[in-house]
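Colleague: What follows is the file my_file-v3.pdb, containing PDB, C-alpha atoms:
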ATOM      1  CA  MET A   1       0.000   0.000   0.000
ATOM      2  CA  SER A   2       1.347   3.434  -0.908
ATOM      3  CA  PHE A   3       1.635   6.224   1.652
ATOM      4  CA  THR A   4      -1.292   8.150   0.158
ATOM      5  CA  GLU A   5      -3.495   5.038   0.049
ATOM      6  CA  HIS A   6      -2.780   4.734   3.775
ATOM      7  CA  CYS A   7      -3.655   8.432   4.197
ATOM      8  CA  ASN A   8      -6.947   7.970   2.350
ATOM      9  CA  GLU A   9      -7.905   5.029   4.579
ATOM     10  CA  ILE A  10      -7.242   7.102   7.709
ATOM     11  CA  PHE A  11      -9.064  10.134   6.300
ATOM     12  CA  SER A  12     -12.107   8.008   5.446
ATOM     13  CA  GLN A  13     -12.049   6.557   8.959
ATOM     14  CA  ALA A  14     -11.958  10.024  10.564
ATOM     15  CA  ILE A  15     -14.806  11.261   8.357
ATOM     16  CA  ARG A  16     -16.937   8.195   9.113
ATOM     17  CA  ASP A  17     -16.237   8.517  12.841
ATOM     18  CA  TYR A  18     -17.265  12.190  12.833
ATOM     19  CA  HIS A  19     -20.529  11.438  11.031
ATOM     20  CA  ILE A  20     -21.616   8.943  13.690
ATOM     21  CA  THR A  21     -22.849  11.981  15.632
ATOM     22  CA  ASP A  22     -22.449  14.668  12.920
ATOM     23  CA  ASN A  23     -21.983  17.285  15.620
ATOM     24  CA  VAL A  24     -19.188  19.889  15.688
ATOM     25  CA  ASP A  25     -18.935  19.563  19.485
ATOM     26  CA  THR A  26     -18.244  15.817  19.428
ATOM     27  CA  PRO A  27     -14.921  15.156  21.191
ATOM     28  CA  ILE A  28     -12.307  13.427  19.083
ATOM     29  CA  ASN A  29     -11.464   9.815  19.920
ATOM     30  CA  ASN A  30      -8.222   9.335  18.006
ATOM     31  CA  PRO A  31      -7.524   5.574  17.793
ATOM     32  CA  TYR A  32      -3.815   5.927  16.970
ATOM     33  CA  GLU A  33      -0.751   6.226  19.199
ATOM     34  CA  ARG A  34      -0.021   9.840  20.129
ATOM     35  CA  ASP A  35       3.415  10.045  18.490
ATOM     36  CA  SER A  36       2.557   8.169  15.292
ATOM     37  CA  ILE A  37       2.066   9.738  11.880
ATOM     38  CA  GLU A  38      -1.313   7.973  11.765
ATOM     39  CA  ASN A  39      -2.399   9.945  14.834
ATOM     40  CA  ARG A  40      -1.449  13.220  13.143
ATOM     41  CA  LEU A  41      -3.228  12.263   9.901
ATOM     42  CA  TYR A  42      -6.414  11.279  11.746
ATOM     43  CA  LEU A  43      -6.339  14.519  13.757
ATOM     44  CA  LYS A  44      -5.703  16.529  10.586
ATOM     45  CA  CYS A  45      -8.767  15.121   8.854
ATOM     46  CA  TRP A  46     -10.891  15.426  12.006
ATOM     47  CA  ILE A  47     -10.065  19.144  12.212
ATOM     48  CA  ASP A  48     -10.882  19.534   8.504
ATOM     49  CA  THR A  49     -14.175  17.679   8.954
ATOM     50  CA  VAL A  50     -15.303  19.789  11.906
ATOM     51  CA  GLN A  51     -14.316  22.944  10.030
ATOM     52  CA  TRP A  52     -16.274  21.788   6.952
ATOM     53  CA  HIS A  53     -19.377  21.745   9.138
ATOM     54  CA  PHE A  54     -18.502  25.065  10.781
ATOM     55  CA  GLU A  55     -18.475  26.532   7.277
ATOM     56  CA  ASP A  56     -21.925  25.049   6.590
ATOM     57  CA  LEU A  57     -23.336  26.446   9.838
ATOM     58  CA  ILE A  58     -21.993  29.963   9.388
ATOM     59  CA  ARG A  59     -23.742  30.254   6.011
ATOM     60  CA  ASP A  60     -27.179  29.906   7.609
ATOM     61  CA  PRO A  61     -28.920  33.159   6.515
ATOM     62  CA  HIS A  62     -30.901  33.158   9.778
ATOM     63  CA  ILE A  63     -27.931  32.761  12.112
ATOM     64  CA  VAL A  64     -28.012  35.062  15.145
ATOM     65  CA  PRO A  65     -25.151  37.609  14.708
ATOM     66  CA  GLU A  66     -23.620  36.757  18.103
ATOM     67  CA  ASP A  67     -23.617  33.055  17.199
ATOM     68  CA  GLY A  68     -22.074  33.891  13.827
ATOM     69  CA  MET A  69     -19.256  35.840  15.479
ATOM     70  CA  SER A  70     -18.633  33.032  17.962
ATOM     71  CA  LEU A  71     -18.513  30.550  15.082
ATOM     72  CA  LYS A  72     -16.126  32.791  13.118
ATOM     73  CA  ARG A  73     -13.740  32.733  16.091
ATOM     74  CA  ARG A  74     -13.951  28.948  16.222
ATOM     75  CA  ILE A  75     -13.147  28.809  12.497
ATOM     76  CA  ASP A  76     -10.109  31.056  13.061
ATOM     77  CA  ARG A  77      -8.860  28.781  15.864
ATOM     78  CA  SER A  78      -9.480  25.736  13.689
ATOM     79  CA  ASN A  79      -7.480  27.278  10.824
ATOM     80  CA  GLN A  80      -4.568  27.890  13.178
ATOM     81  CA  ASP A  81      -4.766  24.306  14.506
ATOM     82  CA  ARG A  82      -4.819  23.028  10.922
ATOM     83  CA  THR A  83      -1.747  25.069   9.992
ATOM     84  CA  ASP A  84       0.128  23.934  13.112
ATOM     85  CA  LEU A  85      -0.685  20.328  12.310
ATOM     86  CA  VAL A  86       0.526  20.607   8.716
ATOM     87  CA  GLU A  87       3.837  21.855  10.083
ATOM     88  CA  GLN A  88       3.991  18.875  12.469
ATOM     89  CA  ILE A  89       3.456  16.498   9.539
ATOM     90  CA  ASP A  90       6.219  18.232   7.580
ATOM     91  CA  SER A  91       8.497  17.878  10.619
ATOM     92  CA  TYR A  92       7.836  14.131  10.469
ATOM     93  CA  PHE A  93       9.013  14.045   6.846
ATOM     94  CA  ARG A  94      12.050  16.186   7.563
ATOM     95  CA  GLN A  95      13.054  13.757  10.287
ATOM     96  CA  LEU A  96      12.256  10.723   8.117
ATOM     97  CA  TYR A  97      14.487  11.969   5.288
ATOM     98  CA  SER A  98      17.117  13.714   7.412
ATOM     99  CA  ASP A  99      19.865  11.288   6.378
ATOM    100  CA  VAL A 100      19.167  11.491   2.640
ATOM    101  CA  LYS A 101      22.074  12.770   0.569
ATOM    102  CA  VAL A 102      20.655  15.417  -1.744
ATOM    103  CA  GLN A 103      21.846  14.936  -5.321
ATOM    104  CA  GLU A 104      23.585  17.681  -7.236
ATOM    105  CA  GLY A 105      20.954  19.442  -9.305
ATOM    106  CA  ALA A 106      18.109  18.384  -6.992
ATOM    107  CA  THR A 107      15.055  20.586  -7.262
ATOM    108  CA  ILE A 108      12.511  21.939  -4.819
ATOM    109  CA  ASN A 109       8.778  21.360  -5.068
ATOM    110  CA  THR A 110       6.160  24.129  -5.159
ATOM    111  CA  GLU A 111       4.732  22.896  -1.859
ATOM    112  CA  SER A 112       5.863  20.667   0.968
ATOM    113  CA  PRO A 113       4.531  17.096   1.305
ATOM    114  CA  ALA A 114       2.266  18.032   4.213
ATOM    115  CA  TRP A 115       0.556  20.865   2.329
ATOM    116  CA  ALA A 116      -0.173  18.425  -0.495
ATOM    117  CA  ILE A 117      -1.521  15.957   2.090
ATOM    118  CA  ASP A 118      -3.685  18.806   3.421
ATOM    119  CA  ARG A 119      -5.311  18.977  -0.027
ATOM    120  CA  LEU A 120      -5.743  15.186  -0.033
ATOM    121  CA  SER A 121      -7.646  15.415   3.265
ATOM    122  CA  ILE A 122      -9.962  18.109   1.872
ATOM    123  CA  LEU A 123     -10.531  15.975  -1.234
ATOM    124  CA  ALA A 124     -11.614  13.054   0.960
ATOM    125  CA  LEU A 125     -14.231  15.366   2.499
ATOM    126  CA  LYS A 126     -15.420  16.600  -0.880
ATOM    127  CA  ILE A 127     -15.785  13.009  -2.064
ATOM    128  CA  TYR A 128     -17.750  11.979   1.036
ATOM    129  CA  HIS A 129     -20.189  14.868   0.749
ATOM    130  CA  MET A 130     -20.530  14.709  -3.037
ATOM    131  CA  LYS A 131     -21.326  10.986  -2.710
ATOM    132  CA  GLU A 132     -24.039  11.961  -0.209
ATOM    133  CA  GLN A 133     -25.501  14.327  -2.773
ATOM    134  CA  ALA A 134     -25.304  11.741  -5.553
ATOM    135  CA  GLU A 135     -27.246   9.278  -3.394
ATOM    136  CA  ARG A 136     -30.042  11.606  -2.294
ATOM    137  CA  THR A 137     -33.580  10.347  -2.764
ATOM    138  CA  ASP A 138     -35.198  13.766  -2.301
ATOM    139  CA  ALA A 139     -33.382  15.589  -5.139
ATOM    140  CA  SER A 140     -34.076  15.905  -8.842
ATOM    141  CA  ALA A 141     -32.578  13.500 -11.374
ATOM    142  CA  GLU A 142     -30.664  16.457 -12.843
ATOM    143  CA  HIS A 143     -29.096  17.287  -9.459
ATOM    144  CA  ILE A 144     -28.098  13.673  -8.877
ATOM    145  CA  GLU A 145     -26.583  13.360 -12.354
ATOM    146  CA  LYS A 146     -24.548  16.547 -11.887
ATOM    147  CA  CYS A 147     -23.276  15.319  -8.532
ATOM    148  CA  LYS A 148     -22.337  11.913  -9.951
ATOM    149  CA  ASN A 149     -20.304  13.623 -12.666
ATOM    150  CA  LYS A 150     -18.595  15.845 -10.094
ATOM    151  CA  LEU A 151     -17.905  12.816  -7.903
ATOM    152  CA  ASN A 152     -16.139  11.080 -10.801
ATOM    153  CA  VAL A 153     -13.920  14.125 -11.308
ATOM    154  CA  LEU A 154     -13.107  14.264  -7.571
ATOM    155  CA  LEU A 155     -12.174  10.568  -7.537
ATOM    156  CA  GLU A 156      -9.885  11.100 -10.530
ATOM    157  CA  GLN A 157      -8.353  14.124  -8.816
ATOM    158  CA  GLN A 158      -7.787  12.065  -5.651
ATOM    159  CA  ALA A 159      -5.975   9.372  -7.640
ATOM    160  CA  ASP A 160      -3.829  11.934  -9.480
ATOM    161  CA  LEU A 161      -2.938  13.865  -6.332
ATOM    162  CA  GLY A 162      -2.084  10.631  -4.533
ATOM    163  CA  THR A 163       0.241   9.623  -7.377
ATOM    164  CA  ALA A 164       1.902  13.047  -7.360
ATOM    165  CA  ILE A 165       2.476  12.975  -3.577
ATOM    166  CA  ASP A 166       3.894   9.437  -3.673
ATOM    167  CA  GLN A 167       6.212  10.463  -6.515
ATOM    168  CA  LEU A 168       7.325  13.523  -4.538
ATOM    169  CA  LEU A 169       8.123  11.381  -1.491
ATOM    170  CA  ASP A 170      10.058   8.934  -3.703
ATOM    171  CA  ASP A 171      12.018  11.850  -5.172
ATOM    172  CA  ILE A 172      12.842  13.259  -1.726
ATOM    173  CA  GLN A 173      13.904   9.828  -0.481
ATOM    174  CA  ALA A 174      16.166   9.412  -3.534
ATOM    175  CA  GLY A 175      17.642  12.918  -3.167
ATOM    176  CA  ARG A 176      16.198  14.128  -6.480
ATOM    177  CA  LYS A 177      14.142  16.742  -4.641
ATOM    178  CA  TYR A 178      14.685  18.408  -1.288
ATOM    179  CA  MET A 179      12.379  19.859   1.327
ATOM    180  CA  LYS A 180      12.261  23.372   2.665
ATOM    181  CA  VAL A 181       9.593  24.299   5.159
ATOM    182  CA  TYR A 182       8.524  27.900   5.595
ATOM    183  CA  ARG A 183       6.647  28.334   8.851
ATOM    184  CA  GLN A 184       3.304  29.984   8.261
ATOM    185  CA  MET A 185       3.088  33.592   9.392
ATOM    186  CA  LYS A 186      -0.592  34.341   9.862
ATOM    187  CA  MET A 187      -0.346  37.996  10.770
ATOM    188  CA  TYR A 188      -4.013  38.470  11.626
ATOM    189  CA  ASN A 189      -3.735  35.937  14.476
ATOM    190  CA  ASP A 190      -0.733  37.649  16.037
ATOM    191  CA  PRO A 191      -1.386  40.542  18.448
ATOM    192  CA  ALA A 192       2.037  41.947  17.504
ATOM    193  CA  THR A 193       1.286  42.185  13.753
ATOM    194  CA  ASN A 194      -2.473  42.783  13.480
ATOM    195  CA  PRO A 195      -2.971  46.569  13.755
ATOM    196  CA  VAL A 196      -6.528  46.147  15.079
ATOM    197  CA  LEU A 197      -5.060  44.237  18.020
ATOM    198  CA  TYR A 198      -1.820  46.102  18.755
ATOM    199  CA  LYS A 199      -3.380  49.563  18.490
ATOM    200  CA  LYS A 200      -5.915  48.817  21.221
TER     201      LYS A 200
END
Give the structure from this file in structure tokens form.

Modeller:
Amino acid sequence: MSFTEHCNEIFSQAIRDYHITDNVDTPINNPYERDSIENRLYLKCWIDTVQWHFEDLIRDPHIVPEDGMSLKRRIDRSNQDRTDLVEQIDSYFRQLYSDVKVQEGATINTESPAWAIDRLSILALKIYHMKEQAERTDASAEHIEKCKNKLNVLLEQQADLGTAIDQLLDDIQAGRKYMKVYRQMKMYNDPATNPVLYKK
């Protein structure tokens, strides 16, 4: 099994587990050992899944403004947790490949492995929810057909992205590519760099 096939299995598990209650306040019950990459992947997809549903809730046109603002703050915290977790996953890869001798002429990728895996997690969510739409019994035949077509595209995209990530990891392991990780600098979350916060 390739690394991304393993990722997709864990992502599907996290999404299924969340939808047992389908409630954004459900506490996570991560089945994997705390220091394992599987634990980080499960947590990553759990955060993405909860945030997916935050984004649904905040688009309710009848939401009470105070509830909307509270939800927006939860989304901001979730985004920061997601970013922190991506960096943890990249740290795993840096450690994993720390002894690799980089070849002369090795190139750098446009994104790190973990940011590509972040997209794979979001794709798993899109596939789950598009499949839901394609299987609805209360929607028009036209809606269902459109969703089936979109689902096929998403599944193709998942396969292509998985192949690309596995190839990237092979290239890093062989020294044909090398990793550089730029820590995210979300200025709006930092009281020292957000003028609305530091001018108060």

Colleague: Using only C-alpha atoms, which of A:Thr110, A:Lys148, A:Leu41, A:Lys199 sits nearest Arg136 (chain A)?

Modeller: A:Lys148

Colleague: The PyMOL selection byres ((chain A and resi 72) around 12) - which residues does that actually catch in the file I just gave you? List them as a PyMOL selection string.

Modeller: chain A and resi 51+54-59+63+65-71+73-79

Colleague: Restricting the calculation to only C-alpha atoms, which member of A:Cys45, A:Ala14, A:Leu120, A:Leu96 is positioned closest to Pro31 (chain A)?

Modeller: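 Checking each of A:Cys45, A:Ala14, A:Leu120, A:Leu96 against Pro31 (chain A), counting only C-alpha atoms, the winner is A:Ala14.
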
Colleague: Using only C-alpha atoms, which of the listed residues (A:Glu156, A:Glu38, A:Glu87, A:Asp25) sits closest to Leu123 (chain A)?

Modeller: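 Of A:Glu156, A:Glu38, A:Glu87, A:Asp25, the one nearest Leu123 (chain A) is A:Glu156, counting only C-alpha atoms.
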
Colleague: Could you check how far CA of Ile20 (chain A) sits from CA of Ile117 (chain A), in Å to one decimal?

Modeller: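 Interatomic distance here is 24.2 Å.
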
Colleague: On this structure, which residues satisfy the PyMOL selection byres ((chain A and resi 118) around 10), written as a ChimeraX atom specification?

Modeller: /A:41,44-45,48,82-83,85-86,89,113-117,119-123

Colleague: What would the file look like if the residues just selected were written as a PDB file, in the frame of the given file with C-alpha atoms?

Modeller:
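Printed below is part25.pdb as written:
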ATOM      1  CA  LEU A  41      -3.228  12.263   9.901  1.00  0.00           C
ATOM      2  CA  LYS A  44      -5.703  16.529  10.586  1.00  0.00           C
ATOM      3  CA  CYS A  45      -8.767  15.121   8.854  1.00  0.00           C
ATOM      4  CA  ASP A  48     -10.882  19.534   8.504  1.00  0.00           C
ATOM      5  CA  ARG A  82      -4.819  23.028  10.922  1.00  0.00           C
ATOM      6  CA  THR A  83      -1.747  25.069   9.992  1.00  0.00           C
ATOM      7  CA  LEU A  85      -0.685  20.328  12.310  1.00  0.00           C
ATOM      8  CA  VAL A  86       0.526  20.607   8.716  1.00  0.00           C
ATOM      9  CA  ILE A  89       3.456  16.498   9.539  1.00  0.00           C
ATOM     10  CA  PRO A 113       4.531  17.096   1.305  1.00  0.00           C
ATOM     11  CA  ALA A 114       2.266  18.032   4.213  1.00  0.00           C
ATOM     12  CA  TRP A 115       0.556  20.865   2.329  1.00  0.00           C
ATOM     13  CA  ALA A 116      -0.173  18.425  -0.495  1.00  0.00           C
ATOM     14  CA  ILE A 117      -1.521  15.957   2.090  1.00  0.00           C
ATOM     15  CA  ARG A 119      -5.311  18.977  -0.027  1.00  0.00           C
ATOM     16  CA  LEU A 120      -5.743  15.186  -0.033  1.00  0.00           C
ATOM     17  CA  SER A 121      -7.646  15.415   3.265  1.00  0.00           C
ATOM     18  CA  ILE A 122      -9.962  18.109   1.872  1.00  0.00           C
ATOM     19  CA  LEU A 123     -10.531  15.975  -1.234  1.00  0.00           C
TER      20      LEU A 123
END

Colleague: Which of these residues is nearest to Glu104 (chain A), using only C-alpha atoms: A:Ala124, A:Val50, A:Leu154, A:Ala174?

Modeller: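 Closest to Glu104 (chain A) of all the choices is A:Ala174.
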
Colleague: Compare A:Ser91, A:Tyr182, A:Asp81, A:Val64 by their minimum atom-to-atom distance to Ile37 (chain A), counting only C-alpha atoms, and give me the closest one.

Modeller: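 When distances to Ile37 (chain A) are compared using only C-alpha atoms, the smallest one comes from A:Ser91.
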
Colleague: List the spatial neighbours of Ser2 (chain A) as a JSON list (two decimals) with C-alpha atoms, in the frame of the given file - criterion: any atom at most 8 Å away, all atoms listed in the file, same-chain residues fewer than 3 positions off excluded.

Modeller:
[["chain", "number", "residue", "atom", "x", "y", "z"],
["A", 5, "GLU", "CA", -3.50, 5.04, 0.05],
["A", 6, "HIS", "CA", -2.78, 4.73, 3.78],
["A", 166, "ASP", "CA", 3.89, 9.44, -3.67]]

Colleague: Could you add the missing atoms to region 142-158 of chain A, up to N, CA and C atoms, and return them as a tab-separated table (two decimals), keeping the file's coordinate frame?

Modeller:
chain	number	residue	atom	x	y	z
A	142	GLU	N	-31.71	15.57	-12.30
A	142	GLU	CA	-30.66	16.46	-12.84
A	142	GLU	C	-29.60	16.73	-11.78
A	143	HIS	N	-30.04	17.02	-10.56
A	143	HIS	CA	-29.10	17.29	-9.46
A	143	HIS	C	-28.22	16.06	-9.22
A	144	ILE	N	-28.84	14.90	-9.16
A	144	ILE	CA	-28.10	13.67	-8.88
A	144	ILE	C	-27.09	13.38	-9.99
A	145	GLU	N	-27.50	13.59	-11.23
A	145	GLU	CA	-26.58	13.36	-12.35
A	145	GLU	C	-25.38	14.30	-12.30
A	146	LYS	N	-25.65	15.57	-12.00
A	146	LYS	CA	-24.55	16.55	-11.89
A	146	LYS	C	-23.58	16.13	-10.79
A	147	CYS	N	-24.13	15.70	-9.67
A	147	CYS	CA	-23.28	15.32	-8.53
A	147	CYS	C	-22.48	14.05	-8.83
A	148	LYS	N	-23.07	13.12	-9.56
A	148	LYS	CA	-22.34	11.91	-9.95
A	148	LYS	C	-21.16	12.27	-10.86
A	149	ASN	N	-21.39	13.19	-11.77
A	149	ASN	CA	-20.30	13.62	-12.67
A	149	ASN	C	-19.20	14.31	-11.88
A	150	LYS	N	-19.59	15.16	-10.94
A	150	LYS	CA	-18.60	15.84	-10.09
A	150	LYS	C	-17.83	14.84	-9.23
A	151	LEU	N	-18.54	13.84	-8.72
A	151	LEU	CA	-17.90	12.82	-7.90
A	151	LEU	C	-16.84	12.07	-8.70
A	152	ASN	N	-17.13	11.76	-9.95
A	152	ASN	CA	-16.14	11.08	-10.80
A	152	ASN	C	-14.89	11.92	-10.99
A	153	VAL	N	-15.08	13.22	-11.16
A	153	VAL	CA	-13.92	14.12	-11.31
A	153	VAL	C	-13.11	14.15	-10.01
A	154	LEU	N	-13.80	14.23	-8.87
A	154	LEU	CA	-13.11	14.26	-7.57
A	154	LEU	C	-12.31	12.98	-7.34
A	155	LEU	N	-12.87	11.84	-7.71
A	155	LEU	CA	-12.17	10.57	-7.54
A	155	LEU	C	-10.93	10.50	-8.43
A	156	GLU	N	-11.05	11.04	-9.64
A	156	GLU	CA	-9.88	11.10	-10.53
A	156	GLU	C	-8.82	12.03	-9.95
A	157	GLN	N	-9.28	13.15	-9.42
A	157	GLN	CA	-8.35	14.12	-8.82
A	157	GLN	C	-7.64	13.50	-7.61
A	158	GLN	N	-8.38	12.73	-6.81
A	158	GLN	CA	-7.79	12.06	-5.65
A	158	GLN	C	-6.69	11.09	-6.08
